[in-house]
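Student: my_file-v1.txt is reproduced in full below (compact mmCIF, C-alpha atoms).
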```
# COMPACT_ATOMS: atom_id res chain seq x y z
CA PRO A 1036 193.16 215.63 337.47
CA ALA A 1037 189.41 215.39 338.04
CA PRO A 1038 187.96 217.37 340.94
CA THR A 1039 186.91 215.41 344.01
CA PRO A 1040 183.12 215.55 344.44
CA ASP A 1041 181.97 217.23 347.61
CA ARG A 1042 179.42 215.73 350.03
CA ASP A 1043 176.43 217.43 348.35
CA ASP A 1044 177.24 215.80 344.99
CA GLU A 1045 177.44 212.38 346.62
CA ASP A 1046 174.04 212.86 348.32
CA GLU A 1047 172.35 213.77 345.02
CA ASP A 1048 173.68 210.61 343.36
CA ARG A 1049 172.76 208.29 346.24
CA GLU A 1050 170.15 205.71 345.28
CA GLU A 1051 166.90 205.84 347.27
CA LEU A 1052 166.79 203.24 350.02
CA ILE A 1053 163.45 201.79 351.15
CA VAL A 1054 163.55 201.13 354.90
CA TYR A 1055 161.22 198.62 356.56
CA LEU A 1056 161.13 199.05 360.36
CA SER A 1057 160.38 196.21 362.74
CA PHE A 1058 160.43 195.80 366.51
CA LEU A 1059 160.91 192.74 368.71
CA CYS A 1060 158.38 193.27 371.49
CA THR A 1061 159.67 191.30 374.44
CA GLY A 1062 158.69 193.47 377.39
CA GLY A 1063 161.40 196.11 377.07
CA GLY A 1064 159.08 198.81 378.31
CA ASP A 1065 159.30 201.40 375.53
CA LEU A 1066 156.47 200.22 373.25
CA ASP A 1067 154.21 203.21 373.97
CA GLY A 1068 157.07 205.62 373.20
CA ILE A 1069 157.84 203.78 369.96
CA LEU A 1070 154.20 204.00 368.88
CA GLU A 1071 154.17 207.72 369.67
CA GLN A 1072 157.30 208.40 367.57
CA LEU A 1073 155.94 206.42 364.63
CA SER A 1074 152.68 208.37 364.88
CA ILE A 1075 154.51 211.71 364.92
CA SER A 1076 156.43 210.75 361.77
CA ASP A 1077 153.43 209.02 360.18
CA VAL A 1078 155.31 205.82 359.33
CA GLY A 1079 154.30 202.19 359.65
CA ALA A 1080 156.21 199.27 361.12
CA LEU A 1081 156.06 195.58 361.90
CA PHE A 1082 155.70 194.60 365.56
CA LEU A 1083 156.74 191.08 366.49
CA PHE A 1084 155.38 189.30 369.60
CA ARG A 1085 155.76 185.87 371.19
CA PRO A 1086 152.36 184.15 370.90
CA SER A 1087 152.41 183.14 374.57
CA GLU A 1088 152.83 186.81 375.62
CA LEU A 1089 150.12 188.39 373.46
CA GLU A 1090 147.66 188.71 376.35
CA ASP A 1091 150.12 191.06 378.08
CA TYR A 1092 149.65 193.56 375.21
CA GLY A 1093 145.87 193.65 374.65
CA GLU A 1094 145.35 197.41 374.45
CA GLN A 1095 148.64 198.02 372.63
CA LEU A 1096 147.80 195.32 370.06
CA ARG A 1097 144.57 197.13 369.26
CA GLN A 1098 146.44 200.43 368.99
CA ILE A 1099 149.05 198.86 366.69
CA SER A 1100 146.43 197.30 364.45
CA GLY A 1101 144.19 200.37 364.49
CA SER A 1102 147.13 202.60 363.51
CA GLY A 1103 147.77 200.51 360.40
CA HIS A 1104 150.93 198.76 361.57
CA GLN A 1105 151.56 195.06 360.98
CA ILE A 1106 151.77 192.38 363.69
CA GLY A 1107 153.83 189.22 363.47
CA PHE A 1108 154.92 186.35 365.67
CA ILE A 1109 158.27 185.57 367.29
CA LEU A 1110 158.67 181.79 367.25
CA ALA A 1111 160.97 179.92 369.61
CA SER A 1112 160.28 176.57 367.94
CA ASP A 1113 162.91 174.33 366.41
CA THR A 1114 160.51 172.11 364.49
CA LEU A 1115 157.60 172.67 362.16
CA GLY A 1116 155.21 170.84 364.51
CA GLU A 1117 156.12 173.09 367.45
CA ALA A 1118 155.87 176.16 365.22
CA ARG A 1119 152.36 175.18 364.13
CA LYS A 1120 151.27 174.99 367.79
CA GLU A 1121 152.75 178.44 368.52
CA LEU A 1122 151.10 179.89 365.42
CA LYS A 1123 147.71 178.38 366.29
CA LEU A 1124 147.91 179.96 369.76
CA GLY A 1125 149.07 183.28 368.33
CA GLY A 1126 146.37 183.35 365.68
CA THR A 1127 143.64 182.61 368.20
CA LEU A 1128 144.83 185.24 370.68
CA LEU A 1129 145.47 187.90 368.02
CA ALA A 1130 141.97 187.42 366.57
CA ARG A 1131 140.42 187.69 370.04
CA LEU A 1132 142.51 190.59 371.34
CA ALA A 1133 142.93 192.78 368.24
CA HIS A 1134 140.44 191.36 365.70
CA THR A 1135 143.19 190.86 363.14
CA THR A 1136 145.36 188.14 361.64
CA SER A 1137 149.02 187.77 360.82
CA HIS A 1138 151.05 185.94 358.23
CA THR A 1139 154.54 187.00 359.36
CA VAL A 1140 156.99 185.07 361.52
CA TYR A 1141 160.39 185.81 362.99
CA LEU A 1142 162.41 182.74 364.01
CA GLU A 1143 164.49 182.93 367.17
CA ASN A 1144 166.01 179.46 366.85
CA GLY A 1145 164.85 177.69 363.72
CA GLY A 1146 167.02 177.48 360.67
CA SER A 1147 166.40 177.63 356.96
CA GLU A 1148 164.60 174.24 356.93
CA LEU A 1149 161.97 175.51 359.36
CA ALA A 1150 161.71 178.78 357.42
CA ALA A 1151 161.19 176.85 354.18
CA GLY A 1152 158.45 174.72 355.77
CA LEU A 1153 156.62 177.78 357.09
CA THR A 1154 156.98 179.53 353.73
CA GLU A 1155 155.39 176.53 352.01
CA GLU A 1156 152.47 176.86 354.43
CA GLY A 1157 151.95 180.50 353.45
CA TRP A 1158 153.91 182.33 356.17
CA ALA A 1159 156.19 185.25 355.35
CA TRP A 1160 159.57 184.87 357.08
CA TRP A 1161 160.96 188.12 358.51
CA THR A 1162 164.68 188.68 359.04
CA GLY A 1163 166.43 191.82 360.13
CA GLN A 1164 169.32 192.94 357.97
CA ALA A 1165 170.31 196.00 360.02
CA ARG A 1166 169.90 195.08 363.68
CA GLN A 1167 170.07 196.99 366.95
CA LEU A 1168 169.01 194.73 369.76
CA GLU A 1169 169.64 195.30 373.47
CA ASP A 1170 171.82 198.29 372.59
CA THR A 1171 172.73 200.40 375.64
CA ARG A 1172 174.39 203.27 373.77
CA SER A 1173 172.86 206.73 373.86
CA ALA A 1174 170.07 207.56 371.40
CA TYR A 1175 172.48 209.86 369.55
CA ASN A 1176 175.07 207.07 369.12
CA ARG A 1177 172.45 204.46 368.23
CA CYS A 1178 170.98 206.77 365.57
CA ASN A 1179 174.37 207.51 364.03
CA ALA A 1180 175.37 203.83 364.07
CA LEU A 1181 172.16 202.83 362.37
CA LEU A 1182 172.50 205.53 359.71
CA ALA A 1183 176.08 204.40 359.06
CA SER A 1184 174.97 200.78 358.68
CA LEU A 1185 172.26 201.78 356.17
CA GLU A 1186 174.94 203.11 353.82
CA GLY A 1187 175.90 199.51 353.03
CA PHE A 1188 172.47 198.58 351.66
CA HIS A 1189 170.93 199.16 348.24
CA GLY A 1190 167.28 199.05 347.23
CA THR A 1191 165.66 197.89 350.46
CA VAL A 1192 166.68 197.11 354.02
CA ARG A 1193 164.83 195.46 356.89
CA VAL A 1194 165.72 197.18 360.18
CA LEU A 1195 165.17 195.22 363.40
CA LEU A 1196 165.06 197.07 366.72
CA ASP A 1197 164.00 196.05 370.22
CA ASP A 1198 161.35 197.66 372.39
CA GLY A 1199 163.84 198.50 375.15
CA ALA A 1200 164.50 201.74 376.94
CA GLY A 1201 165.87 204.34 374.58
CA THR A 1202 164.46 202.96 371.33
CA ALA A 1203 161.79 205.67 371.14
CA ASP A 1204 164.47 208.34 371.69
CA THR A 1205 166.55 206.76 368.93
CA LEU A 1206 163.53 206.89 366.60
CA ALA A 1207 162.96 210.55 367.50
CA ARG A 1208 166.45 211.28 366.18
CA LEU A 1209 166.44 208.79 363.31
CA LEU A 1210 163.10 209.31 361.56
CA PRO A 1211 163.54 213.04 360.76
CA ARG A 1212 167.02 212.36 359.34
CA LEU A 1213 166.09 209.53 356.99
CA PRO A 1214 164.67 211.70 354.16
CA GLY A 1215 167.91 213.71 354.10
CA GLU A 1216 169.79 210.43 353.65
CA ASN A 1217 167.52 209.55 350.69
CA CYS A 1218 165.75 206.88 352.77
CA GLN A 1219 162.01 206.33 352.68
CA VAL A 1220 160.26 204.33 355.42
CA ARG A 1221 157.51 202.02 354.16
CA LEU A 1222 155.20 199.62 355.92
CA PRO A 1223 156.44 196.03 355.73
CA VAL A 1224 153.64 194.11 354.03
CA GLU A 1225 153.83 190.32 353.70
CA THR A 1226 153.75 190.45 349.91
CA LEU A 1227 156.89 192.60 349.79
CA PHE A 1228 159.44 190.37 351.55
```
Show me, as structure tokens, the structure contained in the file I just sent.
Tutor:
Amino acid sequence: PAPTPDRDDEDEDREELIVYLSFLCTGGGDLDGILEQLSISDVGALFLFRPSELEDYGEQLRQISGSGHQIGFILASDTLGEARKELKLGGTLLARLAHTTSHTVYLENGGSELAAGLTEEGWAWWTGQARQLEDTRSAYNRCNALLASLEGFHGTVRVLLDDGAGTADTLARLLPRLPGENCQVRLPVETLF
């Protein structure tokens, strides 16, 4: 009989996983802590905001943009016409508040037809494959659950987290462990997804 490989052998054979981090910024209160943890680990992420709420984040938007992170829009629209109005508002506010632009959207309600229409108009459609939203577990448990879920992905994975209490603590545990799991965090850029 062949010997059973031990854990170290399995880790060496594990394919590298590229991890793209993103955050739904909906007023959860932990955005500053998230930015601090990303800065400590020197990794980039995508931050998603509702266009109508951008003015609530003026200083943080400038910090996000100045730190090299990406900014995208959370759209609540069901139709392409409504989405265009949200995007026009978001584009105007983002240019005024942070002197930057965005080409990334996350759809709260719209389906594949809306996504296809926005894609035809040049927008990159963001979806989270590994999601932890409104999770009230401890940072330790959230970190372990997220690491376990990453084992099911190959090549790349888009991770979607919220900006709620505890997310920064989860990142503080997660980010140092990712290299040991053969995971590399990269900045989500519109041309990559």
Student: Would you be able to write out as a PDB file with C-alpha atoms, in the coordinates of the input which residues have an atom within 9 Å of (150.4, 181.9, 372.1) in the file's coordinates, counting all atoms listed in the file?
Tutor:
```pdb
ATOM      1  CA  ARG A1085     155.760 185.870 371.190  1.00  0.00           C
ATOM      2  CA  PRO A1086     152.360 184.150 370.900  1.00  0.00           C
ATOM      3  CA  SER A1087     152.410 183.140 374.570  1.00  0.00           C
ATOM      4  CA  GLU A1088     152.830 186.810 375.620  1.00  0.00           C
ATOM      5  CA  LEU A1089     150.120 188.390 373.460  1.00  0.00           C
ATOM      6  CA  GLU A1090     147.660 188.710 376.350  1.00  0.00           C
ATOM      7  CA  LYS A1120     151.270 174.990 367.790  1.00  0.00           C
ATOM      8  CA  GLU A1121     152.750 178.440 368.520  1.00  0.00           C
ATOM      9  CA  LEU A1122     151.100 179.890 365.420  1.00  0.00           C
ATOM     10  CA  LYS A1123     147.710 178.380 366.290  1.00  0.00           C
ATOM     11  CA  LEU A1124     147.910 179.960 369.760  1.00  0.00           C
ATOM     12  CA  GLY A1125     149.070 183.280 368.330  1.00  0.00           C
ATOM     13  CA  GLY A1126     146.370 183.350 365.680  1.00  0.00           C
ATOM     14  CA  THR A1127     143.640 182.610 368.200  1.00  0.00           C
ATOM     15  CA  LEU A1128     144.830 185.240 370.680  1.00  0.00           C
ATOM     16  CA  LEU A1129     145.470 187.900 368.020  1.00  0.00           C
TER      17      LEU A1129
END
```
Student: Need the shell around A:Gln1167: protein/DNA/RNA residues with any atom at most 7 Å away, counting all atoms listed in the file. Skip same-chain ones fewer than 5 positions apart. Format as a ChimeraX atom specification?
Tutor: /A:1195-1197
Student: Suppose you want the space between atom CA of A:Thr1139 and atom CA of A:Phe1108; what is it in Å?
Tutor: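 Computing the Euclidean distance for atom CA of A:Thr1139 and atom CA of A:Phe1108 yields 6.4 Å.
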Student: Near stretch 1160-1163 of chain A, within 10 Å and counting all atoms listed in the file, which residues show up once chain neighbours fewer than 4 positions away are dropped, as number ranges by chain?
Tutor: A: 1055-1058, 1081, 1083, 1107-1109, 1138-1143, 1147, 1149-1151, 1153-1154, 1167, 1192-1196, 1223, 1225, 1228
Student: Measuring atom to atom with only C-alpha atoms, identify which of A:Ala1200, A:Ala1111, A:Leu1222, A:Ala1180 is nearest to A:Phe1082.
Tutor: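 Answer, going by the shortest atom-to-atom distance: A:Leu1222.
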Student: Determine, counting all atoms listed in the file, every residue of protein, DNA or RNA that lies within 10 Å of (164.9, 197.8, 374.1) in the file coordinates, then give the result as a ChimeraX atom specification.
Tutor: /A:1058-1066,1167-1171,1196-1203
Student: Show me, as a PDB file with C-alpha atoms, in the coordinates of the input, the residues that have an atom within 9 Å of A:Ile1075 when counting only C-alpha atoms, minus same-chain residues fewer than 4 positions from it.
Tutor:
```pdb
ATOM      1  CA  LEU A1070     154.200 204.000 368.880  1.00  0.00           C
ATOM      2  CA  GLU A1071     154.170 207.720 369.670  1.00  0.00           C
ATOM      3  CA  ALA A1207     162.960 210.550 367.500  1.00  0.00           C
TER       4      ALA A1207
END
```
Student: If we count only C-alpha atoms, what is near A:Gly1093 at a cut-off of 12 Å, once residues fewer than 6 positions away on the same chain are taken out, given as a ChimeraX atom specification?
Tutor: /A:1084,1099-1100,1128-1134
Student: Would you mind exporting the chosen residues as a PDB file, in the frame of the given file, restricted to C-alpha atoms?
Tutor:
```
ATOM      1  CA  PHE A1084     155.380 189.300 369.600  1.00  0.00           C
ATOM      2  CA  ILE A1099     149.050 198.860 366.690  1.00  0.00           C
ATOM      3  CA  SER A1100     146.430 197.300 364.450  1.00  0.00           C
ATOM      4  CA  LEU A1128     144.830 185.240 370.680  1.00  0.00           C
ATOM      5  CA  LEU A1129     145.470 187.900 368.020  1.00  0.00           C
ATOM      6  CA  ALA A1130     141.970 187.420 366.570  1.00  0.00           C
ATOM      7  CA  ARG A1131     140.420 187.690 370.040  1.00  0.00           C
ATOM      8  CA  LEU A1132     142.510 190.590 371.340  1.00  0.00           C
ATOM      9  CA  ALA A1133     142.930 192.780 368.240  1.00  0.00           C
ATOM     10  CA  HIS A1134     140.440 191.360 365.700  1.00  0.00           C
TER      11      HIS A1134
END
```
Student: To one decimal place in Å, what is the distance between atom CA of A:Gly1157 and atom CA of A:Ala1080?
Tutor: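 Atom CA of A:Ala1080 lies at a distance of 20.7 Å from atom CA of A:Gly1157.
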Student: Expressed in Å to a single decimal, how great is the separation between atom CA of A:Arg1212 and atom CA of A:Gln1095?
Tutor: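 The value is 26.8 Å.
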Student: Which one of A:His1104, A:Arg1208, A:Pro1214, A:Arg1221 sits closest to A:Gln1072 if you count all atoms listed in the file?
Tutor: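 Nearest to A:Gln1072: A:Arg1208.
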